[in-house]
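With TSV, C-alpha atoms inside, this is final22.tsv:
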```tsv
chain	number	residue	atom	x	y	z
A	1	MET	CA	-69.75	178.93	230.36
A	2	SER	CA	-70.96	182.51	230.44
A	3	VAL	CA	-74.67	183.27	230.42
A	4	ARG	CA	-74.30	184.77	226.96
A	5	HIS	CA	-72.53	181.70	225.62
A	6	LEU	CA	-75.03	179.39	227.30
A	7	ARG	CA	-77.91	181.31	225.68
A	8	ILE	CA	-76.34	180.98	222.24
A	9	TYR	CA	-75.51	177.30	222.76
A	10	LEU	CA	-78.95	176.35	224.01
A	11	ASN	CA	-80.71	178.19	221.20
A	12	ASP	CA	-78.43	176.56	218.63
A	13	GLN	CA	-79.19	173.16	220.14
A	14	LEU	CA	-82.90	173.96	220.08
A	15	ALA	CA	-82.67	174.75	216.36
A	16	LEU	CA	-80.85	171.45	215.75
A	17	GLY	CA	-83.48	169.63	217.78
A	18	VAL	CA	-86.29	171.12	215.71
A	19	ALA	CA	-84.49	170.11	212.50
A	20	GLY	CA	-84.00	166.59	213.90
A	21	ARG	CA	-87.64	166.32	214.95
A	22	GLU	CA	-88.82	167.37	211.49
A	23	LEU	CA	-86.43	164.94	209.82
A	24	ALA	CA	-87.38	162.03	212.08
A	25	SER	CA	-91.11	162.71	211.65
A	26	ARG	CA	-90.89	162.90	207.87
A	27	ALA	CA	-88.65	159.83	207.65
A	28	ALA	CA	-91.09	157.92	209.89
A	29	ARG	CA	-93.95	158.80	207.52
A	30	GLU	CA	-91.90	157.76	204.47
A	31	ASN	CA	-91.10	154.42	206.11
A	32	ALA	CA	-94.48	153.75	207.77
A	33	GLY	CA	-95.40	150.09	208.04
A	34	SER	CA	-91.81	148.88	208.38
A	35	GLU	CA	-89.50	148.18	211.29
A	36	ILE	CA	-87.43	151.21	210.33
A	37	GLY	CA	-90.57	153.32	210.26
A	38	ALA	CA	-91.53	152.16	213.75
A	39	ALA	CA	-88.04	152.97	215.07
A	40	LEU	CA	-88.14	156.39	213.43
A	41	ALA	CA	-91.60	157.12	214.86
A	42	GLU	CA	-90.34	156.25	218.34
A	43	VAL	CA	-87.29	158.47	217.94
A	44	ALA	CA	-89.43	161.32	216.56
A	45	ALA	CA	-91.70	161.16	219.61
A	46	GLN	CA	-88.73	161.12	221.97
A	47	VAL	CA	-87.05	164.02	220.17
A	48	THR	CA	-90.27	166.00	220.62
A	49	GLU	CA	-90.09	165.28	224.35
A	50	ASP	CA	-86.39	166.20	224.42
A	51	ILE	CA	-87.16	169.56	222.82
A	52	ALA	CA	-89.78	170.22	225.51
A	53	THR	CA	-87.20	169.31	228.16
A	54	LEU	CA	-84.64	171.65	226.59
A	55	GLU	CA	-87.20	174.45	226.51
A	56	ALA	CA	-87.99	173.82	230.19
A	57	VAL	CA	-84.26	173.96	231.00
A	58	MET	CA	-83.99	177.23	229.12
A	59	GLN	CA	-86.96	178.62	231.04
A	60	GLY	CA	-85.46	177.43	234.34
A	61	LEU	CA	-82.24	179.25	233.50
A	62	ALA	CA	-84.14	182.35	232.33
A	63	VAL	CA	-82.60	181.91	228.86
A	64	PRO	CA	-84.82	183.57	226.28
A	65	ARG	CA	-85.94	181.32	223.43
A	66	SER	CA	-84.90	182.58	220.02
A	67	ARG	CA	-87.82	183.02	217.67
A	68	VAL	CA	-85.60	182.77	214.62
A	69	LYS	CA	-83.29	179.80	215.24
A	70	PRO	CA	-85.97	177.07	215.58
A	71	ARG	CA	-87.56	178.34	212.35
A	72	LEU	CA	-84.17	178.20	210.66
A	73	GLY	CA	-83.79	174.62	211.89
A	74	ALA	CA	-87.11	173.65	210.31
A	75	LEU	CA	-86.16	175.44	207.09
A	76	ALA	CA	-82.79	173.67	207.02
A	77	GLU	CA	-84.55	170.32	207.24
A	78	ARG	CA	-86.80	171.26	204.33
A	79	ALA	CA	-83.83	172.45	202.29
A	80	GLY	CA	-82.10	169.15	203.04
A	81	ARG	CA	-84.86	167.36	201.15
A	82	LEU	CA	-83.39	168.74	197.92
A	83	LYS	CA	-80.36	166.45	198.12
A	84	LEU	CA	-79.75	164.14	195.21
A	85	ASN	CA	-80.92	160.61	196.01
A	86	GLY	CA	-80.76	158.82	192.69
A	87	SER	CA	-84.46	159.32	192.04
A	88	LEU	CA	-86.04	162.50	190.78
A	89	ARG	CA	-89.56	162.09	192.14
A	90	ARG	CA	-89.65	159.49	194.84
A	91	TYR	CA	-88.09	158.38	198.05
A	92	SER	CA	-85.12	156.09	197.43
A	93	PRO	CA	-83.03	153.69	199.51
A	94	LEU	CA	-80.31	156.36	199.51
A	95	SER	CA	-82.81	158.85	201.00
A	96	ARG	CA	-83.47	156.45	203.88
A	97	PHE	CA	-79.76	155.88	204.50
A	98	GLN	CA	-78.87	159.57	204.40
A	99	GLU	CA	-81.71	160.46	206.76
A	100	LEU	CA	-80.67	157.80	209.25
A	101	ASP	CA	-77.08	158.98	208.92
A	102	LEU	CA	-78.11	162.56	209.76
A	103	LEU	CA	-80.34	161.44	212.61
A	104	LEU	CA	-77.48	159.49	214.17
A	105	VAL	CA	-75.26	162.56	213.96
A	106	GLY	CA	-78.02	164.62	215.58
A	107	VAL	CA	-78.69	162.18	218.40
A	108	ARG	CA	-74.98	161.94	219.14
A	109	ALA	CA	-74.87	165.75	219.29
A	110	LYS	CA	-77.84	165.69	221.65
A	111	ARG	CA	-76.01	163.23	223.89
A	112	GLN	CA	-73.13	165.71	223.94
A	113	LEU	CA	-75.56	168.52	224.81
A	114	TRP	CA	-76.87	166.70	227.88
A	115	THR	CA	-73.32	165.72	228.88
A	116	ALA	CA	-72.08	169.30	228.51
A	117	LEU	CA	-74.96	170.66	230.56
A	118	ARG	CA	-74.36	168.06	233.26
A	119	ASP	CA	-70.58	168.19	233.43
A	120	LEU	CA	-69.56	171.62	232.15
A	121	ALA	CA	-72.44	173.98	232.84
A	122	ALA	CA	-73.28	172.64	236.32
A	123	LEU	CA	-76.92	172.31	235.32
A	124	PRO	CA	-77.90	169.91	238.12
A	125	GLN	CA	-77.16	172.67	240.63
A	126	ARG	CA	-78.71	175.42	238.50
A	127	VAL	CA	-81.91	173.60	237.48
A	128	PRO	CA	-82.64	170.81	239.94
A	129	GLY	CA	-85.14	168.23	238.86
A	130	VAL	CA	-83.68	167.63	235.41
A	131	ASP	CA	-82.20	164.13	235.30
A	132	LEU	CA	-79.33	164.60	232.87
A	133	ASP	CA	-78.03	161.08	233.40
A	134	ASP	CA	-81.42	159.81	232.23
A	135	LEU	CA	-81.32	162.12	229.20
A	136	VAL	CA	-77.82	160.91	228.28
A	137	ALA	CA	-79.00	157.29	228.62
A	138	ARG	CA	-82.07	158.04	226.51
A	139	ALA	CA	-79.89	159.48	223.72
A	140	GLU	CA	-77.72	156.36	223.88
A	141	ALA	CA	-80.84	154.18	223.62
A	142	GLN	CA	-81.89	156.17	220.55
A	143	ILE	CA	-78.48	155.55	219.00
A	144	ASP	CA	-78.86	151.83	219.76
A	145	LEU	CA	-82.28	151.87	218.10
A	146	LEU	CA	-81.15	153.75	214.98
A	147	GLU	CA	-77.80	152.05	214.28
A	148	PRO	CA	-79.25	148.69	213.12
A	149	CYS	CA	-81.69	150.61	210.89
A	150	TRP	CA	-78.75	152.57	209.49
A	151	VAL	CA	-76.88	149.34	208.71
A	152	GLN	CA	-79.96	147.82	207.04
A	153	ALA	CA	-80.58	150.98	205.01
A	154	GLY	CA	-76.93	151.10	203.95
A	155	LEU	CA	-77.02	147.50	202.79
A	156	GLU	CA	-80.18	148.24	200.80
A	157	ALA	CA	-78.85	151.49	199.35
A	158	PHE	CA	-75.47	150.16	198.32
A	159	GLY	CA	-76.54	146.71	197.20
A	160	ASN	CA	-74.29	144.81	199.58
A	161	LEU	CA	-76.15	141.61	200.43
A	162	GLU	CA	-73.56	140.46	202.94
A	163	GLN	CA	-73.50	141.74	206.52
A	164	PRO	CA	-70.33	143.60	207.46
A	165	ALA	CA	-67.81	141.39	209.21
A	166	ALA	CA	-67.83	143.61	212.27
A	167	PHE	CA	-69.87	146.69	213.02
A	168	PRO	CA	-68.04	149.08	215.34
A	169	ALA	CA	-69.97	150.11	218.41
```
In structure tokens, how does this file's structure come out?
Amino acid sequence: MSVRHLRIYLNDQLALGVAGRELASRAARENAGSEIGAALAEVAAQVTEDIATLEAVMQGLAVPRSRVKPRLGALAERAGRLKLNGSLRRYSPLSRFQELDLLLVGVRAKRQLWTALRDLAALPQRVPGVDLDDLVARAEAQIDLLEPCWVQAGLEAFGNLEQPAAFPA
């Protein structure tokens, strides 16, 4: 990976992280007082820490932080609130499901980020002290935390009162 490509990739991932943090924080507030809300609050806090880690990696690699891309990530999250959810003025079960769906996509992308930096960009040699195996495991733990919430939200949104016969891992 060239330095130029690494700079672009890391700044793109930073923007996605900011969008994910904003989404997780807002979804946690919307679901406060529930098990899903607690899971979302935990993920939001961890995503905040992951962004700080990514920024430290960027600093360690002397990769300049884009001023524009993180702002675009936050704006994209706000624009995403305009999606149709079956309710004009309030949060709906479909809102919860779609947000969890997006968060799972984002956390899986973050797992790929840490894996790419570990295996493809030789980050352990370039920035010692960053435990990429731990960051990959943390992303997997976030997926494990969010998936049952996603299933529950899907059952609530779509009215299916029966559990799926088998949920793929």
Tell me, counting only C-alpha atoms, for each residue of range 102-156 of chain A within 10 Å of range 13-16 of chain A, which pair of atoms is nearest and how far apart they are in Å to one decimal, in rows ordered by chain and increasing number, as JSON lines.
```
{"residue": "A:Gly106", "atom": "CA", "partner": "A:Leu16", "partner_atom": "CA", "distance": 7.4}
{"residue": "A:Val107", "atom": "CA", "partner": "A:Leu16", "partner_atom": "CA", "distance": 9.9}
{"residue": "A:Ala109", "atom": "CA", "partner": "A:Gln13", "partner_atom": "CA", "distance": 8.6}
{"residue": "A:Lys110", "atom": "CA", "partner": "A:Gln13", "partner_atom": "CA", "distance": 7.7}
{"residue": "A:Leu113", "atom": "CA", "partner": "A:Gln13", "partner_atom": "CA", "distance": 7.5}
```
(request) Have a look at A:Leu120, A:Ala28, A:Val47, A:Thr115 and name the one nearest to Ser2 in chain A; count all atoms listed in the file. (result) A:Leu120
(request) Quick one: everything within 9 Å of Ile143 in chain A, counting only C-alpha atoms, minus sequence neighbours fewer than 6 positions away in the same chain. Send it as a ChimeraX atom specification. (result) /A:103-104,107-108
(request) Kindly indicate which residue among A:Glu140, A:Glu55, A:Asp119, A:Glu99 lies nearest to Asn31 in chain A, using only C-alpha atoms for the distances. (result)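 Looking at the shortest contact to Asn31 in chain A, the residue is A:Glu99.
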(message) Between A:Glu30, A:Asp131, A:Asp144, A:Asp50, which residue has the minimum interatomic distance to Arg118 in chain A, considering only C-alpha atoms?
(response)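 The shortest atom-to-atom distance to Arg118 in chain A comes from A:Asp131.
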